Structure formats: C-alpha cells, structure tokens
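Undergrad: Below: one structure in structure tokens.
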Protein chains: 2
Amino acid sequence: MAAEGSQTLERGLMALRMIAEERDGLTASEVGARLGVHRSVAYRLLGALVRQGFAAKDDANRYRVGLAFFTLAELTRPPLLDAARPVLRDLAAELGVTACLVVPEGNDAVAVAVVEPPGSGARLSYRVGNRDPLDLGAGGLALLAALPPRPGEPGRVAEVRARGYALTCEELIPGVFGVASPVVRQAHEQPAAVTTLTHREDLARQAVPAVLAAAERLTRALAAPGPRDH
Amino acid sequence: MAAEGSQTLERGLMALRMIAEERDGLTASEVGARLGVHRSVAYRLLGALVRQGFAAKDDANRYRVGLAFFTLAELTRPPLLDAARPVLRDLAAELGVTACLVVPEGNDAVAVAVVEPPGSGARLSYRVGNRDPLDLGAGGLALLAALPPRPGEPGRVAEVRARGYALTCEELIPGVFGVASPVVRQAHEQPAAVTTLTHREDLARQAVPAVLAAAERLTRALAAPGPRDH
DNA sequence: ACAACGTGTTTCGTTATGTGCAACAAGAGG
DNA sequence: CCTCTTGTTGCACATAACGAAACACGTTGT
C-alpha cells in the first residue's frame with residue numbers, strides 16, 4: 001500500500017505549504033534551502049505553481065499563494081466553516097478566551113477555525129492546522145465522544161458522552177485548561193467540536209455553560225438549511 | 001522568461017483543481033482520462049496529493065480535496081472575503097439578484113465570492129473562479145476605474161470613475177445586465193468591486209443605489225480594524 | 001572605488017525519475 | 001458464465017528533473 005513516486009509533486013506541494021504558512025512569503029532560495037534542494041530546482045517548482053495559479057510572485061521576488069488557491073478553496077469550503085465563525089467569535093468575545101473548531105482526521109484532532117478574543121490582553125494562540133492526538137486534550141475527547149466507540153479509547157470518554165462536555169487540565173500544554181463540547185451532525189457526517197483554551201482554571205470552569213450553548217447553537221445552524229451561496 | 005519544466009507538478013496541480021471543481025470527486029481513471037495520461041500515472045499523482053494531505057480518498061475510491069487544503073486556505077484567507085460575505089448576502093437578499101465580489105488579476109476580473117439570492121426563483125449562476133476580461137462587463141470596468149489609469153483603457157472608464165458605478169447591458173452574456181461599484185482600499189492594495197447580475201434591465205437600474213451602498217459599506221468595514229482571528 | 005557576496009535566471013550533461021505497458025485481483029453487469 | 005471496468009503493482013525504457021556551472025544584477029562592506 002505504499003505506492004511511492006512523484007517526488008517532484010511532493011516537493012512542489014511542500015513548497016506550496018511553506019509559502020502558505022509564511023505570512024510574508026518566501027524567496028526561491030529560501031524554499032530551496034528548506035526543501036534541501038538546489039535553488040534552481042525550487043525556482044522551477046515555484047514557476048510551475050505560478051503557471052497554475054497556485055502561487056504568485058511578488059515585486060521583491062517573494063512567492064505567496066495565488067488566486068487559484070483562494071477560488072478553489074472557496075468552491076470547496078464546507079458550510080460548517082461559515083456557520084462556525086460567528087459562533088466562535090461570540091464565544092471568544094463573551095469569555096475572553098481563544099475559541100476553536102476541531103475535526104477528526106485519523107487519530108488526530110485538527111483545528112480548522114480559530115478565533116482569538118478581542119482586545120489586547122494576553123491570549124493563547126492556536127493556529128489553524130494544529131493537530132493533537134484525539135485521546136489528549138478537551139477537543140479530542142469531545143470528538144471521541146461524538147464518534148462511534150473505538151476499541152482502546154480512554155475510559156473517561158463515557159463520562160464526556162454523558163455530560164456533553166470535556167474539561168481537561170494541562171494535558172497538552174502546561175498551564176493550559178481546555179473546555180470542549182461536540183457538535184452533532186448527520187449520522188454519516190464527520191463530527192466536529194467547539195473548544196476553548198485558557199490559562200486560568202476558574203475561567204475554564206465558568207466557561208462550561210457557554211461552550212455547551214455554542215455547540216448547540218452550531219448544531220442547530222447546521223441542521224437548518226443555510227443560505228445557498230455555492 | 002519561459003522557465004519550462006516540472007511536468008509532474010503541473011499535472012498534479014491540474015488533478016487537484018479537477019477534484020476540487022467536481023463536487024462529487026473523481027476516480028483515478030477519470031483523472032487520468034482528463035489529463036490524457038495512463039490510469040496508473042493519475043493513480044500515483046493522486047497518491048502523492050493524499051500523502052501531503054491535499055486530497056483524500058473516499059470509501060468508493062473517489063478523490064476529494066483534503067484537510068490540508070482547507071487549513072492552508074484558512075490560514076491565508078484575506079480579511080476581504082470575511083468582510084464581503086455579509087455584504088453580498090444582504091445585497092442578494094434585498095434585490096433578489098446574484099451578487100459577486102471580483103478582484104483583478106492580469107487583464108481579467110476574477111470572481112472570489114458569489115452569493116445567489118434566497119428562495120427558489122430563477123437565478124443567474126456565476127461561479128467563484130470565473131474570469132472575464134477587465135474591459136468587458138460591469139465588474140471589470142469598476143476595477144479599471146479603481147486601478148491607476150492604463151494606456152488603452154476604454155473611454156467610458158472615466159465616466160465610471162466619476163459616477164462611482166458601472167452599468168453594462170448584455171456585454172458579456174446575452175440577456176444579462178450588470179451593475180458594479182469599486183471597493184476602495186489602501187493605496188498599495190489591490191482594489192475589488194461589488195457587482196450584481198440580473199436579466200431584467202429595470203432591476204439593474206433600480207439596483208444602482210444599493211450596489212453603491214454595499215461597496216461603501218465594504219470599504220468602511222475594511223478600513224475598520226476587523227476582529228483578529230489570525 | 002572596488003570587491004565579495006547573495007540573489008534570479010538560463011543552459012547543459014547525467015542520472016534518477018516518471019512514464020506506459022502488462023498483468024493480476026476484485027467487483028459490477030449482463 | 002463471461003465481459004468490461006476498475007484499483008493496484010512490477011518492470012524496462014525514455015524522458016524529464018536534477019545539480020552544477022555560469023552570467024547578470026543589485027547589495028553590502030571596506
């Protein structure tokens with residue numbers, strides 16, 4: 001089940017990920033260095049990305065993601081993301097914590113949306129695309145509770161399933177508390193979970209009702225037929 | 001300035017675009033047929049896309065876009081798109097027309113967001129990613145009016161610049177009228193334009209004030225510091 | 001002023017790499 | 001039952017990607 005091959009494609013996709021993750025873009029030399037290949041190779045890879053519209057070259061020869069990337073992403077964007085944004089924003093504003101939406105992939109929980117609280121106070125930053133094991137952390141536990149039972153899942157998942165939320169203390173990151181609640185979806189669809197991060201335990205405990213309400217609100221929003229913007 | 005090469009990468013990116021544009025995904029054989037290569041080649045290309053997370057294989061061996069694609073798009077998503085969605089939605093609902101946001105690329109106007117009116121009536125459908133020449137159609141003219149003057153731009157651009165909107169009659173598609181107004185942004189930033197499509201001329205003329213208001217609303221929303229969701 | 005360095009960019013020979021074909025397994029349909 | 005199509009994997013060959021070298025250009029430092 002290996003099916004190796006397509007070295008060039010893989011390197012090109014790595015380059016695409018690199019320029020997407022750097023807000024200021026990258027030069028061909030930098031991409032080559034990170035990829036461990038000669039500058040000229042990176043130059044050609046980036047040229048192909050540009051020709052297909054996935055990257056664009058700056059005035060200063062820095063490469064950033066291109067328009068084709070945005071338009072394709074917009075075409076395939078799941079309604080879940082549009083529905084989640086206002087819910088996360090309100091949650092972050094109400095509690096003053098960082099609010100995320102996570103979905104399962106393999107044995108990980110992946111963050112697909114993150115909203116940090118308004119204002120200039122200290123905040124916990126969590127990036128879209130971050131992944132943590134499903135059996136560690138509030139978000140992953142909430143996902144496990146929404147998924148069909150698996151062999152070897154942690155015992156406390158039953159508790160999360162009964163209560164409707166998960167509260168974890170410093171499980172993933174020292175000094176960080178998490179509160180999460182699953183978003184129920186169609187039986188055949190992948191679940192999701194709303195989760196919040198804070199470094200104060202009292203805030204985490206107070207957050208429980210709001211997180212539960214946010215997950216329910218999102219569940220209802222997905223059940224209702226959303227605006228058709230296709 | 002040619003810089004050819006990277007055939008494999010280009011084919012892989014084409015495959016990625018294909019599976020993103022088909023809502024139901026594609027099989028390896030279908031991708032191979034459209035690409036003009038052997039099934040086994042498409043199979044290996046798609047395998048590389050899956051390994052990098054840009055594609056995912058269905059239970060029925062159909063390939064769709066993968067999680068890495070969404071997370072990268074979310075990381076690089078311009079604030080313009082988030083700000084535009086409610087504006088376009090209100091505009092579409094108020095007028096009962098299709099509302100779009102377009103940005104310039106090269107000599108084309110590219111649609112980056114489209115909202116169709118609610119309800120089940122007949123609607124003009126326009127897809128994200130569609131591109132039309134800048135000098136044809138209301139959206140393109142509005143962009144030209146917002147861009148620094150170019151040699152050889154159509155004479156009526158001056159008029160659009162003065163009035164603040166463009167109204168075109170069946171310029172791009174027979175029977176379709178367009179109304180557009182530019183969104184003003186920072187001097188060094190790319191302009192955008194709000195545009196609407198309808199097949200009734202009276203609706204188009206009545207739409208002018210609302211389109212102007214929507215473009216102004218979006219301009220103000222971009223000037224204000226948006227919520228930091230990073 | 002010059003020199004030394006780091007770019008972007010192109011050309012070129014070599015070799016690794018992707019390609020196409022064939023073959024096998026599995027499933028659907030007739 | 002047979003047939004057709006699909007997914008999947010070896011294999012030999014030819015292509016296409018690689019890395020080095022070279023050139024032009026702009027910076028930086030001396």
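By convention here, the chains of the structure tokens are called A, B, ... in the order presented, each chain's residues are numbered starting at 1, and ligands are numbered starting at 1 in the order presented.
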Residues of chain D near chain A: apply a cut-off of 12 Å, count only C-alpha atoms (C1' of nucleotides), and supply the list as a ChimeraX atom specification.
TA: /D:7-10,16-21,26
Undergrad: Give me, as a PyMOL selection string, the residues of stretch 25-63 of chain A that a backbone DSSP run labels strand (DSSP E).
TA: chain A and resi 55-57+63
Undergrad: Considering only C-alpha atoms, give me a table of residues in chain B that are at most 8 Å from chain A, with the closest atom pair and distance in Å for each, as a tab-separated table.
TA:
residue	atom	partner	partner_atom	distance
B:Ala3	CA	A:Arg44	CA	6.7
B:Glu4	CA	A:Arg44	CA	7.4
B:Gly5	CA	A:Arg44	CA	6.6
B:Ser6	CA	A:Leu45	CA	6.4
B:Thr8	CA	A:Leu9	CA	6.0
B:Leu9	CA	A:Leu9	CA	4.5
B:Glu10	CA	A:Ala48	CA	6.0
B:Gly12	CA	A:Leu9	CA	6.3
B:Leu13	CA	A:Gln52	CA	7.0
B:Met14	CA	A:Gln52	CA	7.6
B:Arg17	CA	A:Leu72	CA	7.1
B:Ala20	CA	A:Leu72	CA	6.3
B:Glu21	CA	A:Leu75	CA	7.1
B:Arg23	CA	A:Thr76	CA	7.5
B:Arg44	CA	A:Gly5	CA	6.7
B:Leu45	CA	A:Ser6	CA	6.4
B:Gly47	CA	A:Ala3	CA	7.0
B:Ala48	CA	A:Glu10	CA	6.0
B:Leu49	CA	A:Glu10	CA	7.4
B:Gln52	CA	A:Glu10	CA	7.0
B:Val65	CA	A:Thr76	CA	7.8
B:Ala68	CA	A:Gly129	CA	7.3
B:Phe69	CA	A:Ala73	CA	7.3
B:Phe70	CA	A:Ala73	CA	6.6
B:Thr71	CA	A:Gly129	CA	5.2
B:Leu72	CA	A:Ala20	CA	6.3
B:Ala73	CA	A:Ala73	CA	6.1
B:Glu74	CA	A:Val128	CA	7.1
B:Leu75	CA	A:Val128	CA	6.3
B:Thr76	CA	A:Ala20	CA	6.3
B:Arg77	CA	A:Phe70	CA	7.2
B:Ala111	CA	A:Thr71	CA	7.9
B:Val112	CA	A:Thr71	CA	5.7
B:Ala113	CA	A:Glu74	CA	7.4
B:Val114	CA	A:Asp229	CA	6.2
B:Val115	CA	A:Asp229	CA	4.4
B:Glu116	CA	A:Asp229	CA	5.5
B:Pro117	CA	A:Arg228	CA	7.8
B:Pro118	CA	A:Pro227	CA	6.7
B:Arg127	CA	A:His230	CA	7.5
B:Val128	CA	A:Thr71	CA	5.9
B:Gly129	CA	A:Thr71	CA	5.1
B:Pro227	CA	A:Pro118	CA	6.6
B:Arg228	CA	A:Glu116	CA	6.4
B:Asp229	CA	A:Val115	CA	4.3
B:His230	CA	A:Val115	CA	7.1
Undergrad: If the cut-off is 10 Å, can you tell me the residues of chain C near chain A, counting only C-alpha atoms (C1' of nucleotides)? I'd like them as a compact mmCIF listing (two decimals) with N, CA, C and O atoms (P, O5', C5', C4', C3', O3' and C1' of nucleotides), in the first residue's frame.
TA:
# COMPACT_ATOMS: atom_id res chain seq x y z
P DG C 6 27.19 34.45 0.71
O5' DG C 6 25.78 34.86 0.10
C5' DG C 6 24.98 35.83 0.78
C4' DG C 6 23.91 36.31 -0.16
C3' DG C 6 23.09 35.18 -0.76
O3' DG C 6 21.76 35.20 -0.22
C1' DG C 6 23.79 36.75 -2.43
P DT C 7 20.65 34.15 -0.73
O5' DT C 7 19.68 35.04 -1.59
C5' DT C 7 19.51 34.69 -2.92
C4' DT C 7 19.17 35.90 -3.72
C3' DT C 7 18.43 35.55 -4.98
O3' DT C 7 17.06 35.66 -4.72
C1' DT C 7 20.31 36.90 -5.49
P DG C 8 16.05 34.60 -5.34
O5' DG C 8 16.02 35.01 -6.89
C5' DG C 8 15.59 36.32 -7.25
C4' DG C 8 15.81 36.53 -8.73
C3' DG C 8 15.07 35.55 -9.62
O3' DG C 8 14.58 36.22 -10.77
C1' DG C 8 17.38 35.38 -10.02
P DT C 9 13.58 35.40 -11.73
O5' DT C 9 14.56 34.74 -12.78
C5' DT C 9 15.33 35.56 -13.64
C4' DT C 9 16.28 34.72 -14.45
C3' DT C 9 15.66 33.47 -15.09
O3' DT C 9 15.48 33.71 -16.48
C1' DT C 9 17.85 33.08 -14.26
P DT C 10 14.78 32.56 -17.38
O5' DT C 10 16.05 31.86 -18.03
C5' DT C 10 17.05 32.65 -18.67
C4' DT C 10 18.23 31.79 -19.10
C3' DT C 10 17.85 30.48 -19.83
O3' DT C 10 18.50 30.45 -21.09
C1' DT C 10 19.41 30.06 -18.09
P DT C 17 15.46 9.86 -7.61
O5' DT C 17 14.22 10.13 -8.55
C5' DT C 17 14.20 11.31 -9.36
C4' DT C 17 13.18 11.19 -10.45
C3' DT C 17 11.89 10.52 -10.00
O3' DT C 17 10.82 11.40 -10.28
C1' DT C 17 12.69 9.58 -12.04
P DG C 18 9.40 11.14 -9.59
O5' DG C 18 8.48 11.03 -10.89
C5' DG C 18 8.60 12.02 -11.88
C4' DG C 18 8.22 11.47 -13.22
C3' DG C 18 6.78 10.95 -13.30
O3' DG C 18 6.19 11.48 -14.47
C1' DG C 18 8.31 9.28 -14.03
Undergrad: Write out as a list in words the residues lying within 7 Å of A:Val31, counting only C-alpha atoms (C1' of nucleotides) and excluding same-chain residues fewer than 4 positions away.
TA: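 Once the adjacent positions are removed, what remains is Ala15, Leu26, Thr27, Leu35 and Ala42 of chain A.
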Undergrad: Could you pull out the residues in stretch 33-189 of chain A that DSSP calls helix (DSSP H, G or I) from the backbone, as JSON, numbers by chain?
TA: {"A": [33, 34, 35, 39, 40, 41, 42, 43, 44, 45, 46, 47, 48, 49, 50, 51, 67, 68, 69, 70, 71, 72, 73, 74, 75, 76, 79, 80, 81, 82, 83, 84, 85, 86, 87, 88, 89, 90, 91, 92, 93, 94, 95, 138, 139, 140, 141, 142, 143, 144, 145, 146, 156, 157, 158, 159, 160, 161, 162, 163]}
Undergrad: Quote the spacing between atom CA of B:Asn107 and atom CA of B:Leu134 in Å to one decimal place.
TA: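 Rounded to one decimal, the two atoms are 5.6 Å apart.
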